[in-house]
Every structure is written in C-alpha cells, then in structure tokens.
There are 2 protein chains.
Amino acid sequence: MKAPKISEAVVRRLPVYLRYLIHLQQMQVKTVSSQQMGKTLDINPAQIRKDLSSFGDFGKKGIGYDVDYLIEKIRQILKLDQEIHVALVGAGHLGHAISNYNAYLRDNMRIVAIFDNDPAKQGKTIAGLVIQPLEELKDTVKQRQIRLAIITVPAAAAQAVADQLIEAGIEGILNFAPVNIRTDADVKIYHADVTSSLQSLAYYLNRTKLNSDGSRNK
Amino acid sequence: MKAPKISEAVVRRLPVYLRYLIHLQQMQVKTVSSQQMGKTLDINPAQIRKDLSSFGDFGKKGIGYDVDYLIEKIRQILKLDQEIHVALVGAGHLGHAISNYNAYLRDNMRIVAIFDNDPAKQGKTIAGLVIQPLEELKDTVKQRQIRLAIITVPAAAAQAVADQLIEAGIEGILNFAPVNIRTDADVKIYHADVTSSLQSLAYYLNRTKLNSDGSRNK
C-alpha cells in the first residue's frame, strides 16, 4: 500500500485530532463535526476539513465524521496500527521524566530499552527497564525490532549517539538535545528541544505589547 | 511594524536555521549558500531558499547569504531581539530537566520563575529559582513581565494550569503534558509531549519493513 503524502504540518496535527477523538470515543460519542472539533481544539474548522480530506473524503455534510472510523483511519495514516518499539538514549533527568511517559503511549507504541554510557547508571532500572551500555545498542535494536529513538543526552554527545542509532537501523529520532543533528541517511529527525520550541513560540508574541516605559498593555 | 505572515512549518524550521548560522558565526564563517545549509541540515536547498525568501529576498546568487545579516533577520522575525521571560509550571522530573536547559536559552530568553502546587516542593530551589506556589502566578507574571510558559504538570492538572496562565496574561504555552489544552483566548499552544511527537514520527516509518515472519528487512 502506498501511503498518501501529507505535509509535515498535517502530520503534526493528526496526533492532536487522534487524542481528542479517542476522548470522544471513551465518552461514547459517535459522530463529530469539524465545527465541534475546531471549537474544542482551537483550530479553524476549514483547516480540519482540509487536513482530513487530504487522505480521503469521509465526512458527511450535516452529520460530520464517524468517530470510530476516523480514529481507525488516522491510526492507519500514522502507521500506529502496528507495534512500534522505541529506544531512549540518556538516562538523566530528562530521560527519567520521558520514560515515565511510557504509560501514556498507546497503540502498541512503547519504550522498550534505555541506554546510557555512564557505568554508574548501567544496570539500574527506570520505568521497569534496565539501563544498558551503548555497546549493546546495535544488538538490542535488532533483537527488539526498535524503529524509533529518543535522544536525551547532553548536546555534545548527541551527534555521536544519533550516528550510532542510524547505523543500528533506527528510522526516526526525537531529539531533545539542544543541537542540530545531521544525517545523510533516510531517517526523519524531529528537533523537540525546549530552546527551538520556545523560539518558534516567540514568533507568535505580540511585538507591540510593551509600552515605551517597559510596562505591559493589559 | 507589521510582521510578515509565515506558515507554522517555516516557524518551526527557523530556529534550526538560526542554531546552524550561529554555529557558523562562531567559526568566523561570513557567507553560506542554501546548498551548504541544505547539506548540513538535511533539508532541500530549494525549501531553504523558499523559507528565507518568504520574509524578503536577501540571498545573493553565487555568493549566498550573509551569515550575520541572516541571523539578525531571523532573530527579528522570531521576535528574539527583545527580552522574553518564561515561567515553568510543574517541578517534577521533567520540570527539573527543562529548567536545566536555561543555560542553552539565548537571545534574552530565559526561565525566570518556577511554580508547583506541592507545598513540599515550594521554597526549594531549582536552577537558581525558588519554587513558588501557584497562588503567586498572577502577580509574578505581571511583575516579571512573563510572556511564555512551559507546562510540565501531570495530564489531569494541565488544563487548569493553562487556564490560570492564560488568565494571568501569558501569550504562548509549550505544553509537555500528554493532553490537549483548549482555549478560546488568542494564545498559541504548542503540544510538545512525547506521545504526540512519536506518533507524528511514526508517519515516516516504512510500512513494508517487516517481513511476514515479523523479522526486519535489513
């Protein structure tokens, strides 16, 4: 099956839609309109209709979308209808915090291995997983069929870790280290570090908000 | 000054360009071509040219972009040429980890206050900041002119915290809680939680990679 080509912006919104729809499903809601979705998610309903139509037209005018069907469809598009194993590299504060998110990962996606190159951490357990040395990365990725990885090591170590992950066959990386990761390989890298995210958010600030005396206009 | 309208995808890429350009600047590099940028950042050079032209044409054919000027321009577009104070709510593992990122925040952007509703945490210090009770949020946001906030509280508490932040006058929220945050206010919300990010990444997985016996094709 050839997957439809969707823009990165849409790919970013689909998990937001999915979470909302699963919430509706849990409340036994059967159909939802783009108006309702838009109001709850603070996204323009026309944008939602456009996003969803980009992978097939399955909303019914006046009735809206079938919640169960839309969930199934989004999971299919995002390829969440298969088991996806994730590795985490870097067992510091951030790695700790993120491994605790495991409970929230749905749809057969979960962190199955944690690595750190600090011998003092190796052998200890986080979120039920034993911290392994990086030397075991390649074998573990193969054995556990790990396809995605999360990098939570310091900036200086991130590129070397990414190189090892890609060499081991990882297909996508969520990078929390505050550094750009380079690769020639066909691997998708998301920069999820706080610095970049805050810098993007700053774009939406209102420049005229400060008065000449430095006080704010509200 | 009316800021140019840029798509969210471009706004997401600008910090990646900025970090790379600052790195070049530190190495005394004066000009850079979209080809060089594209190769290093693994982004199509045509995409880079398009992104940068969307806020004015300032690359020179055959010479490339002036590094210093491009940095200045991107900082201006992202509104990083002003002081931006950030609040963090939730002093757990994740809050701890993120407050340590403060050292990486550049361009006058920094976390200036940390809040947690757990009395056992209040008064303690993280990254040089005293953890305050949420009751002090509104006054502190005003006094410290805080404009952005990071939410690192558990899912169940996130919406209430967001409501308080928006009520206090926050203009943008980086939400790490694995839950959708709703608002009618003109506040930009980025969902940065690991679940959504991994779900988006899954889209780029190769569906045909698993063999029928479950083994991988490499």
# chains A, B, ... in the order shown; residues from 1 in each chain; ligands from 1
$ residues_around --residues "Tyr101 of chain A" --least-positions-apart "3" --cutoff "12 Å" --atoms "only C-alpha atoms" --output "number ranges by chain"
A: 88, 94-98, 104-106, 109-111, 126-127; B: 93-94, 152, 154-155, 176-179, 193-196, 198
$ select_by_dssp --residues "segment 10-139 of chain B" --states "strand (DSSP E or B)" --output "number ranges by chain"
B: 31-32, 60, 64-66, 84-89, 109-115, 125-126, 129-132
$ write_last_selection --atoms "N, CA, C and O atoms" --output "CSV table (one decimal), in the first residue's frame"
chain,number,residue,atom,x,y,z
B,31,THR,N,29.8,33.9,4.8
B,31,THR,CA,28.6,33.7,3.9
B,31,THR,C,28.3,32.2,3.8
B,31,THR,O,29.2,31.3,4.0
B,32,VAL,N,27.1,31.9,3.5
B,32,VAL,CA,26.7,30.5,3.3
B,32,VAL,C,25.7,30.3,2.2
B,32,VAL,O,24.8,31.2,2.1
B,60,LYS,N,22.3,36.3,-2.2
B,60,LYS,CA,22.9,36.8,-3.5
B,60,LYS,C,23.3,35.6,-4.3
B,60,LYS,O,24.1,34.8,-3.8
B,64,GLY,N,25.6,33.6,-1.9
B,64,GLY,CA,24.8,33.1,-0.8
B,64,GLY,C,24.4,34.1,0.2
B,64,GLY,O,24.3,35.3,-0.2
B,65,TYR,N,24.1,33.7,1.4
B,65,TYR,CA,23.6,34.6,2.4
B,65,TYR,C,24.7,35.1,3.3
B,65,TYR,O,25.6,34.4,3.6
B,66,ASP,N,24.5,36.3,3.7
B,66,ASP,CA,25.4,36.9,4.7
B,66,ASP,C,25.0,36.4,6.1
B,66,ASP,O,23.9,36.6,6.5
B,84,ILE,N,12.6,38.0,26.6
B,84,ILE,CA,11.4,37.2,26.8
B,84,ILE,C,11.5,36.3,28.0
B,84,ILE,O,12.4,35.5,28.1
B,85,HIS,N,10.6,36.6,29.0
B,85,HIS,CA,10.7,35.9,30.2
B,85,HIS,C,9.7,34.7,30.1
B,85,HIS,O,8.6,34.8,29.6
B,86,VAL,N,10.1,33.6,30.7
B,86,VAL,CA,9.4,32.3,30.6
B,86,VAL,C,9.1,31.8,32.0
B,86,VAL,O,10.0,31.9,32.9
B,87,ALA,N,7.9,31.3,32.2
B,87,ALA,CA,7.6,30.6,33.5
B,87,ALA,C,7.5,29.1,33.3
B,87,ALA,O,7.1,28.7,32.2
B,88,LEU,N,7.8,28.3,34.3
B,88,LEU,CA,7.7,26.9,34.2
B,88,LEU,C,6.7,26.4,35.3
B,88,LEU,O,6.9,26.8,36.4
B,89,VAL,N,5.7,25.6,35.0
B,89,VAL,CA,4.8,25.1,36.0
B,89,VAL,C,4.9,23.6,36.1
B,89,VAL,O,4.6,22.9,35.1
B,109,MET,N,16.2,35.2,26.2
B,109,MET,CA,15.1,34.4,26.6
B,109,MET,C,15.5,33.5,27.8
B,109,MET,O,16.5,32.8,27.7
B,110,ARG,N,14.7,33.5,28.9
B,110,ARG,CA,15.1,32.6,29.9
B,110,ARG,C,13.9,32.4,30.9
B,110,ARG,O,13.0,33.2,31.0
B,111,ILE,N,14.0,31.2,31.6
B,111,ILE,CA,13.0,30.9,32.6
B,111,ILE,C,13.3,31.7,33.8
B,111,ILE,O,14.4,31.6,34.3
B,112,VAL,N,12.3,32.5,34.3
B,112,VAL,CA,12.6,33.4,35.4
B,112,VAL,C,11.8,33.0,36.6
B,112,VAL,O,11.9,33.6,37.7
B,113,ALA,N,10.8,32.0,36.5
B,113,ALA,CA,10.0,31.6,37.6
B,113,ALA,C,9.6,30.2,37.5
B,113,ALA,O,9.3,29.7,36.4
B,114,ILE,N,9.5,29.4,38.6
B,114,ILE,CA,9.0,28.0,38.6
B,114,ILE,C,7.9,27.9,39.6
B,114,ILE,O,8.1,28.4,40.8
B,115,PHE,N,6.9,27.2,39.3
B,115,PHE,CA,5.7,27.1,40.2
B,115,PHE,C,5.4,25.6,40.3
B,115,PHE,O,5.6,24.8,39.4
B,125,THR,N,14.9,25.2,45.7
B,125,THR,CA,15.5,25.9,44.6
B,125,THR,C,15.8,24.9,43.4
B,125,THR,O,16.4,23.8,43.7
B,126,ILE,N,15.4,25.2,42.2
B,126,ILE,CA,15.9,24.5,41.0
B,126,ILE,C,16.5,25.5,40.1
B,126,ILE,O,16.0,26.6,39.8
B,129,LEU,N,16.3,29.1,40.9
B,129,LEU,CA,15.0,29.7,41.1
B,129,LEU,C,14.2,29.0,42.2
B,129,LEU,O,14.2,27.8,42.3
B,130,VAL,N,13.6,29.8,43.1
B,130,VAL,CA,12.8,29.3,44.2
B,130,VAL,C,11.4,28.8,43.7
B,130,VAL,O,10.7,29.6,43.0
B,131,ILE,N,11.0,27.6,44.0
B,131,ILE,CA,9.7,27.1,43.6
B,131,ILE,C,8.6,27.8,44.3
B,131,ILE,O,8.6,27.8,45.6
B,132,GLN,N,7.7,28.4,43.6
B,132,GLN,CA,6.6,29.2,44.2
B,132,GLN,C,5.3,28.5,44.1
B,132,GLN,O,5.1,27.7,43.2
$ residues_around --residues "Lys30 of chain B" --least-positions-apart "3" --cutoff "8 Å" --atoms "only C-alpha atoms" --output "PyMOL selection string"
chain B and resi 24-25+66-68
$ interface_residues --of "chain A" --to "chain B" --cutoff "7 Å" --atoms "only C-alpha atoms" --output "PyMOL selection string"
chain A and resi 9+11-12+15-16+40-42+77-80+93-94+96-97+104-105+171-172+180+182-184+188+195-196+199-205
$ closest_residue --among "B:Gln164, B:Gln28, B:Ser33, B:Asn175" --to "Arg49 of chain B" --atoms "only C-alpha atoms"
B:Ser33
$ atom_distance --atom1 "atom CA of Ala160 of chain A" --atom2 "atom CA of Gln47 of chain B"
26.7 Å
$ residues_around --residues "segment 134-140 of chain B" --least-positions-apart "6" --cutoff "7 Å" --atoms "only C-alpha atoms" --output "list in words"
Phe115, Asp116, Asn117 and Ala168 of chain B
$ select_by_dssp --residues "chain A" --states "alpha helix (DSSP H)" --output "MDAnalysis selection string"
chainID A and resid 8:26 34:41 45:53 67:77 93:99 137:143 155:167 194:202
